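Shown next: entry_0.csv, containing CSV, C-alpha atoms and all ligand atoms.
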chain,number,residue,atom,x,y,z
A,693,MET,CA,0.0,0.0,0.0
A,694,ILE,CA,1.5,3.3,-1.0
A,695,ALA,CA,0.4,6.2,1.2
A,696,GLU,CA,-0.5,9.7,-0.1
A,697,GLY,CA,2.6,11.9,-0.3
A,698,ASP,CA,5.0,8.9,-0.4
A,699,LEU,CA,7.5,8.5,-3.1
A,700,GLN,CA,7.2,12.1,-4.4
A,701,GLY,CA,10.7,12.5,-5.9
A,702,PRO,CA,13.5,10.4,-7.0
A,703,ASP,CA,15.1,10.2,-3.6
A,704,SER,CA,12.2,8.3,-2.0
A,705,LEU,CA,12.0,6.1,-5.1
A,706,ALA,CA,15.7,5.4,-4.6
A,707,GLN,CA,15.0,4.2,-1.1
A,708,ARG,CA,12.2,2.0,-2.2
A,709,TRP,CA,14.2,0.5,-5.0
A,710,ALA,CA,17.6,0.3,-3.1
A,711,GLU,CA,16.5,-3.0,-1.4
A,712,ILE,CA,15.8,-4.9,-4.6
A,713,ASP,CA,18.3,-7.6,-5.4
A,714,VAL,CA,19.2,-6.9,-9.0
A,715,SER,CA,22.4,-8.9,-9.0
A,716,ARG,CA,21.1,-11.5,-11.4
A,717,ALA,CA,19.1,-9.2,-13.6
A,718,LEU,CA,20.4,-8.5,-17.0
A,719,SER,CA,21.4,-5.0,-17.9
A,720,PRO,CA,20.4,-2.8,-19.6
A,721,SER,CA,16.8,-3.8,-18.6
A,722,LEU,CA,13.5,-2.3,-17.8
A,723,LEU,CA,11.9,-2.9,-14.4
A,724,ILE,CA,8.3,-2.2,-13.5
A,725,ASP,CA,7.2,-1.5,-9.9
A,726,ARG,CA,3.8,-3.3,-9.9
A,727,GLY,CA,2.6,-1.5,-6.7
A,728,ILE,CA,3.2,1.9,-8.2
A,729,VAL,CA,1.4,1.0,-11.4
A,730,GLN,CA,-1.6,-0.1,-9.4
A,731,ARG,CA,-1.5,3.1,-7.4
A,732,ASN,CA,-1.2,5.2,-10.6
A,733,ILE,CA,-4.2,3.5,-12.1
A,734,GLU,CA,-6.2,3.9,-8.9
A,735,LYS,CA,-5.2,7.6,-8.8
A,736,THR,CA,-6.4,8.0,-12.4
A,737,ILE,CA,-9.8,6.5,-11.6
A,738,GLU,CA,-10.1,8.6,-8.4
A,739,LEU,CA,-9.5,11.8,-10.4
A,740,ALA,CA,-12.0,10.7,-13.2
A,741,ARG,CA,-14.5,9.7,-10.4
A,742,ASP,CA,-15.7,6.8,-12.6
A,743,PRO,CA,-13.7,4.4,-14.7
A,744,ALA,CA,-16.4,4.9,-17.4
A,745,ARG,CA,-14.9,8.4,-17.9
A,746,LEU,CA,-11.5,6.9,-18.9
A,747,ARG,CA,-10.1,5.7,-22.1
A,748,PRO,CA,-6.4,5.3,-21.3
A,749,HIS,CA,-3.9,5.2,-24.1
A,750,ALA,CA,-1.9,1.9,-24.3
A,751,LYS,CA,1.0,3.3,-26.2
A,752,THR,CA,3.0,3.8,-23.0
A,753,HIS,CA,3.0,0.3,-21.5
A,754,LYS,CA,2.1,-1.9,-24.5
A,755,MET,CA,1.7,-4.8,-22.0
A,756,ILE,CA,-1.2,-7.2,-21.7
A,757,GLU,CA,-0.7,-7.5,-17.9
A,758,ILE,CA,-1.1,-3.8,-17.4
A,759,ALA,CA,-4.2,-3.8,-19.6
A,760,ARG,CA,-5.6,-6.5,-17.3
A,761,MET,CA,-4.8,-4.5,-14.2
A,762,GLU,CA,-6.8,-1.6,-15.7
A,763,ALA,CA,-9.7,-4.0,-16.5
A,764,GLU,CA,-9.6,-5.4,-12.9
A,765,LEU,CA,-10.1,-1.8,-11.7
A,766,GLY,CA,-13.1,-1.3,-14.0
A,767,ILE,CA,-11.6,0.3,-17.1
A,768,ARG,CA,-13.4,-1.1,-20.2
A,769,LYS,CA,-12.5,1.5,-22.8
A,770,HIS,CA,-9.0,1.9,-24.3
A,771,LYS,CA,-7.2,4.0,-26.9
A,772,CYS,CA,-4.2,3.0,-28.9
A,773,ALA,CA,-2.1,4.0,-31.9
A,774,THR,CA,-1.2,0.8,-33.7
A,775,ILE,CA,-3.0,-2.3,-34.9
A,776,ALA,CA,-0.6,-4.4,-32.7
A,777,GLU,CA,-1.6,-2.3,-29.6
A,778,ALA,CA,-5.3,-2.9,-30.5
A,779,GLU,CA,-4.7,-6.6,-30.8
A,780,MET,CA,-2.8,-6.7,-27.5
A,781,LEU,CA,-5.7,-4.9,-25.8
A,782,ALA,CA,-8.2,-7.2,-27.4
A,783,ARG,CA,-6.3,-10.3,-26.2
A,784,ALA,CA,-6.4,-8.7,-22.7
A,785,GLY,CA,-10.2,-8.8,-23.0
A,786,ALA,CA,-10.8,-5.1,-23.6
A,787,ALA,CA,-14.4,-4.3,-24.5
A,788,ASP,CA,-13.9,-1.1,-26.4
A,789,ILE,CA,-10.9,0.1,-28.4
A,790,LEU,CA,-10.4,3.4,-30.2
A,791,ILE,CA,-7.5,3.4,-32.7
A,792,ALA,CA,-6.7,7.1,-32.6
A,793,TYR,CA,-4.3,7.0,-35.5
A,794,PRO,CA,-5.0,7.4,-39.2
A,795,LEU,CA,-5.7,4.1,-41.0
A,796,ALA,CA,-4.0,4.0,-44.3
A,797,GLY,CA,-2.7,1.3,-46.7
A,798,PRO,CA,-2.8,-2.3,-45.5
A,799,ASN,CA,-3.9,-1.1,-42.0
A,800,LEU,CA,-7.4,-0.6,-43.4
A,801,GLN,CA,-7.6,-4.3,-44.1
A,802,ARG,CA,-5.9,-5.1,-40.8
A,803,PHE,CA,-8.5,-3.1,-39.0
A,804,LEU,CA,-11.2,-5.2,-40.6
A,805,LEU,CA,-9.4,-8.4,-39.5
A,806,LEU,CA,-9.3,-7.1,-36.0
A,807,ARG,CA,-13.1,-6.7,-36.1
A,808,ARG,CA,-13.5,-10.2,-37.5
A,809,ASP,CA,-11.0,-12.0,-35.1
A,810,TYR,CA,-12.1,-10.3,-31.9
A,811,PRO,CA,-15.9,-10.1,-32.3
A,812,GLY,CA,-16.3,-9.5,-28.5
A,813,THR,CA,-14.6,-6.1,-28.8
A,814,SER,CA,-15.9,-2.9,-30.3
A,815,PHE,CA,-13.3,-1.1,-32.5
A,816,ARG,CA,-13.6,2.6,-33.2
A,817,ALA,CA,-11.6,4.6,-35.8
A,818,THR,CA,-10.8,8.2,-36.4
A,819,VAL,CA,-10.6,10.2,-39.6
A,820,ASP,CA,-9.6,13.8,-40.3
A,821,ASN,CA,-10.3,14.2,-44.0
A,822,PRO,CA,-12.9,13.0,-46.5
A,823,ASP,CA,-10.5,10.8,-48.5
A,824,SER,CA,-9.8,8.7,-45.3
A,825,ALA,CA,-13.5,8.4,-44.6
A,826,HIS,CA,-14.2,7.2,-48.2
A,827,ALA,CA,-11.2,4.8,-47.9
A,828,LEU,CA,-12.5,3.3,-44.7
A,829,SER,CA,-16.1,3.0,-46.0
A,830,ALA,CA,-14.8,1.4,-49.2
A,831,VAL,CA,-13.1,-1.5,-47.5
A,832,LEU,CA,-16.2,-2.4,-45.6
A,833,SER,CA,-18.7,-4.9,-47.0
A,834,PRO,CA,-22.3,-5.1,-45.9
A,835,VAL,CA,-21.5,-8.0,-43.6
A,836,ASP,CA,-18.9,-6.0,-41.7
A,837,GLY,CA,-21.5,-3.9,-39.8
A,838,ARG,CA,-20.9,-0.3,-39.1
A,839,VAL,CA,-17.6,1.2,-37.8
A,840,PRO,CA,-18.1,3.9,-35.1
A,841,THR,CA,-15.9,6.7,-36.5
A,842,LEU,CA,-14.8,9.8,-34.7
A,843,VAL,CA,-13.6,13.0,-36.3
A,844,ASP,CA,-10.0,13.8,-35.2
A,845,LEU,CA,-9.9,17.5,-34.3
A,846,ASP,CA,-6.8,19.6,-34.4
A,847,VAL,CA,-7.1,21.6,-31.2
A,848,GLY,CA,-3.6,23.2,-31.6
A,849,MET,CA,-1.0,20.5,-31.8
A,850,GLY,CA,-0.8,20.6,-35.6
A,851,ARG,CA,-0.1,16.9,-36.1
A,852,THR,CA,-3.2,15.1,-37.3
A,853,GLY,CA,-6.7,16.4,-37.1
A,854,ILE,CA,-9.0,19.0,-38.7
A,855,ALA,CA,-9.7,22.3,-37.1
A,856,PRO,CA,-13.2,22.7,-35.6
A,857,SER,CA,-14.7,24.4,-38.7
A,858,ASP,CA,-17.2,24.2,-41.5
A,859,ASP,CA,-14.9,21.6,-43.2
A,860,ALA,CA,-14.9,19.5,-40.0
A,861,ALA,CA,-18.7,19.7,-39.8
A,862,SER,CA,-19.0,18.6,-43.4
A,863,LEU,CA,-16.7,15.6,-42.6
A,864,TYR,CA,-18.9,14.6,-39.7
A,865,HIS,CA,-22.0,14.7,-42.0
A,866,LEU,CA,-20.0,12.7,-44.6
A,867,ILE,CA,-19.4,10.0,-42.0
A,868,ALA,CA,-23.1,9.9,-41.3
A,869,SER,CA,-23.8,9.4,-45.0
A,870,LEU,CA,-21.2,6.9,-46.0
A,871,PRO,CA,-22.0,3.1,-46.0
A,872,GLY,CA,-20.5,1.3,-43.1
A,873,LEU,CA,-19.6,4.3,-41.0
A,874,ILE,CA,-21.5,5.8,-38.1
A,875,PRO,CA,-20.6,9.1,-36.5
A,876,ASP,CA,-19.2,8.5,-33.0
A,877,GLY,CA,-18.0,11.8,-31.7
A,878,LEU,CA,-14.8,13.8,-31.5
A,879,HIS,CA,-11.2,13.1,-30.7
A,880,ALA,CA,-9.3,16.1,-29.4
A,881,TYR,CA,-5.7,15.3,-28.3
A,882,ASP,CA,-3.8,18.3,-26.9
A,883,GLY,CA,-0.2,17.1,-26.9
A,884,HIS,CA,1.0,20.6,-27.4
A,885,VAL,CA,-0.1,21.5,-23.8
A,886,ARG,CA,3.2,21.9,-22.0
A,887,GLU,CA,2.6,24.8,-19.6
A,888,ALA,CA,4.4,23.9,-16.3
A,889,ASP,CA,2.4,26.4,-14.4
A,890,PRO,CA,-1.0,24.7,-13.5
A,891,ASP,CA,-3.0,28.0,-13.9
A,892,ALA,CA,-1.5,28.7,-17.3
A,893,ARG,CA,-2.1,25.1,-18.3
A,894,ARG,CA,-5.7,25.3,-17.1
A,895,ALA,CA,-6.3,28.4,-19.2
A,896,VAL,CA,-5.0,26.8,-22.4
A,897,VAL,CA,-7.0,23.6,-21.7
A,898,ARG,CA,-10.2,25.5,-21.0
A,899,ASP,CA,-9.9,27.3,-24.3
A,900,ILE,CA,-9.6,23.9,-26.0
A,901,GLN,CA,-12.6,22.6,-24.2
A,902,GLU,CA,-14.7,25.6,-25.1
A,903,ARG,CA,-13.9,25.4,-28.8
A,904,THR,CA,-14.5,21.7,-28.8
A,905,PHE,CA,-17.9,22.0,-27.0
A,906,ALA,CA,-19.0,24.8,-29.3
A,907,PHE,CA,-18.2,22.6,-32.2
A,908,ARG,CA,-20.0,19.6,-30.6
A,909,ASP,CA,-23.1,21.8,-30.0
A,910,ARG,CA,-23.1,22.9,-33.6
A,911,LEU,CA,-23.2,19.2,-34.7
A,912,LEU,CA,-25.9,18.4,-32.2
A,913,ALA,CA,-27.9,21.3,-33.5
A,914,SER,CA,-27.6,20.0,-37.0
A,915,GLY,CA,-29.3,16.8,-35.9
A,916,LEU,CA,-26.4,14.4,-35.6
A,917,PRO,CA,-25.5,12.4,-32.5
A,918,VAL,CA,-22.1,13.2,-30.8
A,919,PRO,CA,-21.9,10.3,-28.3
A,920,ARG,CA,-18.4,11.0,-27.0
A,921,ILE,CA,-15.5,13.5,-26.8
A,922,VAL,CA,-12.1,11.9,-26.2
A,923,PHE,CA,-9.9,14.5,-24.6
A,924,GLY,CA,-6.2,14.8,-23.8
A,925,GLY,CA,-3.1,13.2,-22.4
A,926,THR,CA,-1.5,13.2,-19.0
A,927,PRO,CA,-0.6,16.9,-18.4
A,928,SER,CA,-4.2,18.1,-19.2
A,929,PHE,CA,-5.9,15.0,-17.6
A,930,PRO,CA,-6.9,16.5,-14.2
A,931,ILE,CA,-8.5,19.5,-16.0
A,932,HIS,CA,-10.5,17.3,-18.4
A,933,ALA,CA,-11.3,14.9,-15.5
A,934,ALA,CA,-12.9,17.7,-13.6
A,935,LEU,CA,-15.5,18.4,-16.3
A,936,GLU,CA,-19.1,17.6,-15.5
A,937,GLU,CA,-19.9,16.8,-19.1
A,938,PRO,CA,-21.2,13.2,-19.2
A,939,ASP,CA,-19.9,12.2,-22.6
A,940,VAL,CA,-16.3,13.2,-22.0
A,941,GLU,CA,-13.7,10.4,-21.9
A,942,CYS,CA,-10.1,11.1,-20.8
A,943,SER,CA,-7.2,9.4,-22.6
A,944,PRO,CA,-4.0,9.9,-20.6
A,945,GLY,CA,-1.3,7.3,-21.3
A,946,THR,CA,2.0,8.2,-19.7
A,947,MET,CA,0.4,8.4,-16.2
A,948,VAL,CA,0.4,4.6,-15.8
A,949,LEU,CA,4.2,4.3,-15.7
A,950,HIS,CA,4.9,8.1,-15.5
A,951,ASP,CA,8.5,9.3,-16.1
A,952,HIS,CA,11.1,11.7,-15.1
A,953,GLY,CA,10.2,14.2,-17.8
A,954,TYR,CA,6.6,14.6,-16.7
A,955,ALA,CA,7.4,14.3,-13.0
A,956,SER,CA,9.9,17.2,-13.1
A,957,ARG,CA,8.0,19.4,-15.5
A,958,PHE,CA,4.5,18.9,-14.0
A,959,PRO,CA,5.1,18.3,-10.2
A,960,ASP,CA,1.4,19.0,-9.6
A,961,LEU,CA,0.4,15.8,-11.3
A,962,PRO,CA,-0.3,13.1,-8.7
A,963,PHE,CA,1.5,10.2,-10.5
A,964,ILE,CA,4.8,8.5,-9.6
A,965,PRO,CA,7.4,7.0,-11.9
A,966,ALA,CA,6.8,3.2,-11.9
A,967,ALA,CA,9.3,2.1,-14.5
A,968,PHE,CA,13.1,2.3,-14.2
A,969,LEU,CA,16.2,1.0,-15.9
A,970,LEU,CA,18.9,-1.1,-14.6
A,971,THR,CA,22.4,-0.3,-15.9
A,972,ARG,CA,25.9,-1.5,-14.9
A,973,VAL,CA,29.3,0.2,-14.9
A,974,VAL,CA,31.1,-1.6,-17.8
A,975,SER,CA,34.3,0.5,-17.9
A,976,ARG,CA,36.1,3.3,-15.9
A,977,PRO,CA,38.3,4.7,-18.7
A,978,ARG,CA,39.8,7.4,-16.5
A,979,ALA,CA,39.5,9.0,-13.0
A,980,GLY,CA,36.1,10.5,-12.4
A,981,ARG,CA,34.5,8.8,-15.5
A,982,LEU,CA,32.0,6.0,-15.7
A,983,CYS,CA,30.9,4.1,-18.8
A,984,LEU,CA,27.5,2.5,-18.4
A,985,ASP,CA,25.6,0.0,-20.6
A,986,LEU,CA,22.8,2.5,-21.1
A,987,GLY,CA,23.1,3.5,-24.8
A,988,HIS,CA,20.2,4.9,-26.8
A,989,LYS,CA,19.1,1.3,-27.7
A,990,ALA,CA,18.0,1.1,-24.0
A,991,VAL,CA,16.7,4.5,-23.2
A,992,ALA,CA,14.7,6.8,-25.5
A,993,ALA,CA,16.8,9.3,-27.4
A,994,ASP,CA,14.1,11.9,-28.1
A,995,PRO,CA,15.0,14.1,-25.1
A,996,PRO,CA,18.2,16.1,-25.7
A,997,ALA,CA,21.5,14.3,-25.1
A,998,GLY,CA,22.4,14.4,-21.4
A,999,GLU,CA,18.7,14.6,-20.3
A,1000,ARG,CA,17.5,11.1,-21.3
A,1001,CYS,CA,17.3,9.7,-17.8
A,1002,HIS,CA,17.8,10.6,-14.1
A,1003,LEU,CA,20.6,8.4,-12.7
A,1004,ILE,CA,19.5,7.7,-9.1
A,1005,GLY,CA,22.1,8.5,-6.5
A,1006,ILE,CA,24.8,9.7,-8.8
A,1007,PRO,CA,25.9,13.2,-7.6
A,1008,GLU,CA,26.6,15.9,-10.2
A,1009,PRO,CA,26.7,13.7,-13.3
A,1010,THR,CA,28.1,15.4,-16.3
A,1011,PHE,CA,27.1,14.0,-19.6
A,1012,VAL,CA,30.1,13.1,-21.8
A,1013,GLY,CA,28.6,11.0,-24.6
A,1014,GLN,CA,26.1,8.3,-25.6
A,1015,SER,CA,26.2,5.8,-28.3
A,1016,GLU,CA,24.1,2.7,-29.1
A,1017,GLU,CA,25.2,0.7,-26.1
A,1018,HIS,CA,27.3,3.1,-24.0
A,1019,LEU,CA,26.5,6.1,-21.8
A,1020,VAL,CA,29.6,8.0,-20.6
A,1021,ILE,CA,29.4,10.4,-17.6
A,1022,ASP,CA,31.7,12.2,-15.3
A,1023,THR,CA,30.9,12.3,-11.6
A,1024,PRO,CA,32.9,13.2,-8.5
A,1025,ALA,CA,31.6,9.9,-7.0
A,1026,ALA,CA,33.0,7.7,-9.7
A,1027,ASP,CA,35.3,6.0,-7.2
A,1028,ARG,CA,32.3,4.5,-5.4
A,1029,TYR,CA,31.2,2.6,-8.6
A,1030,PRO,CA,33.5,-0.3,-9.6
A,1031,VAL,CA,33.1,-2.1,-12.9
A,1032,GLY,CA,29.9,-4.3,-12.5
A,1033,ALA,CA,28.2,-1.9,-10.0
A,1034,CYS,CA,24.5,-1.5,-10.6
A,1035,ILE,CA,22.8,1.9,-11.0
A,1036,LEU,CA,19.1,2.5,-11.4
A,1037,ALA,CA,17.8,5.3,-13.7
A,1038,ILE,CA,14.4,6.8,-14.3
A,1039,PRO,CA,13.8,7.4,-18.0
A,1040,THR,CA,12.9,10.9,-19.1
A,1041,HIS,CA,10.5,9.7,-21.8
A,1042,ILE,CA,9.0,6.3,-20.8
A,1043,CYS,CA,6.8,5.5,-23.9
A,1044,PRO,CA,9.6,5.0,-26.5
A,1045,THR,CA,11.9,3.6,-23.7
A,1046,VAL,CA,9.4,0.7,-23.1
A,1047,ALA,CA,9.3,0.0,-26.9
A,1048,LEU,CA,13.1,-0.6,-26.8
A,1049,HIS,CA,12.7,-3.6,-24.4
A,1050,ARG,CA,11.2,-7.0,-25.3
A,1051,ARG,CA,10.6,-7.9,-21.7
A,1052,ALA,CA,10.3,-6.1,-18.4
A,1053,TYR,CA,11.2,-7.4,-14.9
A,1054,VAL,CA,8.3,-7.0,-12.5
A,1055,VAL,CA,9.1,-5.8,-9.0
A,1056,ASP,CA,6.8,-6.3,-6.1
A,1057,GLU,CA,7.5,-5.9,-2.3
A,1058,GLY,CA,11.1,-5.2,-3.1
A,1059,ARG,CA,11.7,-8.4,-5.1
A,1060,ILE,CA,11.8,-9.3,-8.8
A,1061,VAL,CA,8.8,-11.6,-9.0
A,1062,ASP,CA,8.0,-11.9,-12.7
A,1063,GLN,CA,8.7,-10.8,-16.3
A,1064,TRP,CA,6.1,-9.3,-18.6
A,1065,ASP,CA,6.4,-9.2,-22.4
A,1066,VAL,CA,6.1,-5.8,-24.0
A,1067,ALA,CA,3.7,-7.5,-26.4
A,1068,ALA,CA,2.8,-4.6,-28.6
A,1069,ARG,CA,6.4,-3.5,-29.0
A,1070,ASP,CA,6.3,-5.4,-32.2
A,1071,ARG,CA,4.4,-3.9,-35.1
A,1072,VAL,CA,2.7,-7.2,-35.8
A,1073,ILE,CA,1.3,-9.6,-33.2
A,1074,GLY,CA,-1.0,-11.9,-35.2
A,1075,ILE,CA,-2.7,-9.6,-37.7
B,1101,LIG,C1,-3.4,10.7,-29.6
B,1101,LIG,C2,-2.8,10.6,-28.2
B,1101,LIG,N1,-3.7,10.5,-27.1
B,1101,LIG,C3,-3.2,10.4,-25.9
B,1101,LIG,C4,-1.9,10.4,-25.6
B,1101,LIG,C5,-1.4,10.2,-24.2
B,1101,LIG,O1,-0.7,11.4,-23.8
B,1101,LIG,P1,0.3,11.4,-22.6
B,1101,LIG,O2,1.5,10.6,-23.0
B,1101,LIG,O3,0.6,12.8,-22.2
B,1101,LIG,O4,-0.4,10.6,-21.5
B,1101,LIG,C6,-0.9,10.5,-26.7
B,1101,LIG,C7,0.5,10.5,-26.4
B,1101,LIG,O5,1.3,10.6,-27.3
B,1101,LIG,C8,-1.4,10.6,-28.0
B,1101,LIG,O6,-0.6,10.7,-29.1

Any chance you could give the structure as structure tokens?
Amino acid sequence: MIAEGDLQGPDSLAQRWAEIDVSRALSPSLLIDRGIVQRNIEKTIELARDPARLRPHAKTHKMIEIARMEAELGIRKHKCATIAEAEMLARAGAADILIAYPLAGPNLQRFLLLRRDYPGTSFRATVDNPDSAHALSAVLSPVDGRVPTLVDLDVGMGRTGIAPSDDAASLYHLIASLPGLIPDGLHAYDGHVREADPDARRAVVRDIQERTFAFRDRLLASGLPVPRIVFGGTPSFPIHAALEEPDVECSPGTMVLHDHGYASRFPDLPFIPAAFLLTRVVSRPRAGRLCLDLGHKAVAADPPAGERCHLIGIPEPTFVGQSEEHLVIDTPAADRYPVGACILAIPTHICPTVALHRRAYVVDEGRIVDQWDVAARDRVIGI
């Protein structure tokens, strides 16, 4: 049981993880603290007030066991980006899966196969332009039933999506008219929301909400149903979760494992890093220098060099260099770390870090108790 206020900050995590016997664990490797995962999911549900208001994104964990933990706590709706993630979720028994990623090329057929192979699961799709809506409709035959299709709105990120506009309203009407599609609401991901100050973040998110609700009301006034609005990621989650609108679903993903990047940028978020990396000193090429087996094939390289992980317990680390299998640092404490010494690290960006590992050690009550496959790390599972 993890009490409120516990484990806020890497030092208390260091104490919790210091007791784990990692001597026989391979390095570099990913470890998952099951108790903290459980606590992060419970915290997510507490903020949402009802698991029915959640549609967590599976991109972060990609693991069947974590999808099952979510299900055991009452979460039935999920979101994902890839067909493999959707299949992993379906194998975990998920009832309702939204693929919030444009379906193109062979993925259109793979989407159909998902629907045929997992008839107990509802699969939803998103589109952001008329060609994609036509393409999805065209692959469906009358026996395929109707695909619930959301319009992906661009609420400021500028990645996918269509701005809430006349064109977006026409697209929603097109979905209603095309064979095999049924309008299923709006998807509004706000991955550009990065304001560290909670008040500034709230102002940006409220503006997104107002624009989205105004667009939703316009669609409703035109006579079409808008059964759901799927909002946001982790930084905006508490703000969306506080809404009283019944049809809002929140889709944070990172919060289940959390990471050093979000924990340091958004200390107001009530989540705790649950995943860490084991690395060993493999060389001490000169005084004050350590070479670790933590190259960018083991920790995500999208944060800037030198900021890719927090090395627990290493004072004043200076980044020297990183290659595929090596991380070189200077530290005044280098003498305390002989070759073979184990060091734990919290990744700055957990989602791509998880995808670099085929398997994760599972830690519970201070012991390694299991290993979980990162099942949806592969682009193809069965389909
Ligand atoms: C479409 C979409 N929804 C939700 C999320 C989850 O966001 P976060 O990682 O902040 O939890 C992501 C993350 O990339 C995303 O791309």

Task: Nearby residues (all atoms listed in the file) at most 10 Å from range 716-728 of chain A, same-chain spacing under 4 positions excluded, as JSON, numbers by chain - done: {"A": [693, 694, 699, 708, 709, 732, 733, 734, 753, 758, 761, 948, 949, 950, 963, 964, 965, 966, 967, 968, 969, 970, 971, 972, 973, 984, 985, 986, 987, 989, 990, 991, 1017, 1034, 1035, 1036, 1037, 1038, 1039, 1045, 1046, 1048, 1049, 1050, 1051, 1052, 1053, 1054, 1055, 1056, 1057, 1058, 1059, 1060, 1061, 1062, 1063, 1064]}

Place a sphere of radius 7 Å on (1.1, -2.3, -29.5) in the file coordinates and name every protein, DNA or RNA residue with an atom inside or on its surface, counting only C-alpha atoms; give the answer as an mmCIF file with C-alpha atoms, in the coordinates of the input.
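Final output, saved to out-v3.cif:
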data_model
loop_
_atom_site.group_PDB
_atom_site.id
_atom_site.type_symbol
_atom_site.label_atom_id
_atom_site.label_comp_id
_atom_site.auth_asym_id
_atom_site.auth_seq_id
_atom_site.Cartn_x
_atom_site.Cartn_y
_atom_site.Cartn_z
ATOM 1 C CA LYS A 751 1.000 3.300 -26.200
ATOM 2 C CA LYS A 754 2.100 -1.900 -24.500
ATOM 3 C CA THR A 774 -1.200 0.800 -33.700
ATOM 4 C CA ILE A 775 -3.000 -2.300 -34.900
ATOM 5 C CA ALA A 776 -0.600 -4.400 -32.700
ATOM 6 C CA GLU A 777 -1.600 -2.300 -29.600
ATOM 7 C CA ALA A 778 -5.300 -2.900 -30.500
ATOM 8 C CA MET A 780 -2.800 -6.700 -27.500
ATOM 9 C CA ALA A 1067 3.700 -7.500 -26.400
ATOM 10 C CA ALA A 1068 2.800 -4.600 -28.600
ATOM 11 C CA ARG A 1069 6.400 -3.500 -29.000
ATOM 12 C CA ASP A 1070 6.300 -5.400 -32.200
ATOM 13 C CA ARG A 1071 4.400 -3.900 -35.100
#

Step by step, measure atom-to-atom distances between ligand LIG 1101 (chain B) and each residue using all atoms listed in the file, keep those at most 6 Å, then write them as a PyMOL selection string. chain A and resi 749+792+881+924-927+943-947

Do you have the CA of Arg976 in chain A-CA of Leu1003 in chain A distance handy?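 According to the coordinates, CA of Arg976 in chain A and CA of Leu1003 in chain A are separated by 16.6 Å.
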
field: For Gly850 in chain A, the nearest of the candidates A:Ile1042, A:Ala880, A:Cys1001, A:Leu916, counting all atoms listed in the file
entry: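 Closest to Gly850 in chain A of all the choices is A:Ala880.
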
For Gln901 in chain A, the closest of A:Val847, A:Pro959, A:Ser914, A:Pro871 counting all atoms listed in the file is A:Val847

How would you write as a list in words the residues that get within 8 Å of (10.3, 15.9, -7.4) in the file's frame, counting all atoms listed in the file?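 Output of the proximity query reads Gln700, Gly701, Pro702, Ala955, Ser956 and Pro959 of chain A.
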
- Any idea what the distance is between CA of Leu800 in chain A and CA of Ser824 in chain A?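 Here the two named atoms are 9.8 Å from each other.
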
Worksheet item: In Å to one decimal, how far is CA of Asn821 in chain A from CA of Asp939 in chain A?
Response: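 Rounded to one decimal, the two atoms are 23.5 Å apart.
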
task = Using all atoms listed in the file, pick whichever of A:Ala796, A:Ala740, A:Val839, A:Cys942 has the shortest atom-to-atom distance to His770 in chain A.
result =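 Of A:Ala796, A:Ala740, A:Val839, A:Cys942, the one nearest His770 in chain A, counting all atoms listed in the file, is A:Cys942.
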
Taking 5 positions as the minimum chain separation for residues in the same chain, which residues sit within 10 Å of Arg747 in chain A when counting all atoms listed in the file? Answer as a list in words.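 Final neighbour list, sorted by chain and number: Ile767, Arg768, Lys769, His770, Lys771, Cys772, Asp788, Ile789, Leu790, Val922, Phe923, Val940, Glu941, Cys942, Ser943, Pro944 and Gly945 of chain A.
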
Restrict the selected residues to C-alpha atoms and save them as a compact mmCIF listing (two decimals), in the coordinates of the input.
# COMPACT_ATOMS: atom_id res chain seq x y z
CA ILE A 767 -11.60 0.30 -17.10
CA ARG A 768 -13.40 -1.10 -20.20
CA LYS A 769 -12.50 1.50 -22.80
CA HIS A 770 -9.00 1.90 -24.30
CA LYS A 771 -7.20 4.00 -26.90
CA CYS A 772 -4.20 3.00 -28.90
CA ASP A 788 -13.90 -1.10 -26.40
CA ILE A 789 -10.90 0.10 -28.40
CA LEU A 790 -10.40 3.40 -30.20
CA VAL A 922 -12.10 11.90 -26.20
CA PHE A 923 -9.90 14.50 -24.60
CA VAL A 940 -16.30 13.20 -22.00
CA GLU A 941 -13.70 10.40 -21.90
CA CYS A 942 -10.10 11.10 -20.80
CA SER A 943 -7.20 9.40 -22.60
CA PRO A 944 -4.00 9.90 -20.60
CA GLY A 945 -1.30 7.30 -21.30

**Message:** Please determine, counting only C-alpha atoms, which residue among A:Ile1021, A:Leu866, A:Ala784, A:Ile1004 has the shortest atom-to-atom distance to Gly980 in chain A.
**Reply:**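 Among the listed residues, A:Ile1021 lies closest to Gly980 in chain A.
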
Q) Which of these residues is nearest to Asp703 in chain A, using all atoms listed in the file: A:His1002, A:His1041, A:Arg978, A:His826? A)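 Looking only at the distances to Asp703 in chain A, the closest residue turns out to be A:His1002.
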
Return as AutoDock Vina command-line options the centre and edge lengths, in Å with one decimal, of the box along x, y and z that encloses every atom of range 800-813 of chain A in the file, padded by 5 Å per side.
--center_x -11.1 --center_y -6.3 --center_z -36.3 --size_x 20.4 --size_y 21.4 --size_z 25.6

Excluding Val885 in chain A and its own-chain neighbours fewer than 5 positions away, which residues fall within 8 Å of it when counting all atoms listed in the file? Please give them as a PyMOL selection string.
chain A and resi 893+896-897+927-928

| said: I want to know what sits within 9 Å of Ala934 in chain A, based on only C-alpha atoms, with residues of the same chain fewer than 4 positions away left out; could you give that as a PyMOL selection string? | reply: chain A and resi 739-741+929-930

Export of the given selection (C-alpha atoms) as a PDB file, in the frame of the given file:
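Below you can see again.pdb, which holds the result:
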ATOM      1  CA  LEU A 739      -9.500  11.800 -10.400  1.00  0.00           C
ATOM      2  CA  ALA A 740     -12.000  10.700 -13.200  1.00  0.00           C
ATOM      3  CA  ARG A 741     -14.500   9.700 -10.400  1.00  0.00           C
ATOM      4  CA  PHE A 929      -5.900  15.000 -17.600  1.00  0.00           C
ATOM      5  CA  PRO A 930      -6.900  16.500 -14.200  1.00  0.00           C
TER       6      PRO A 930
END
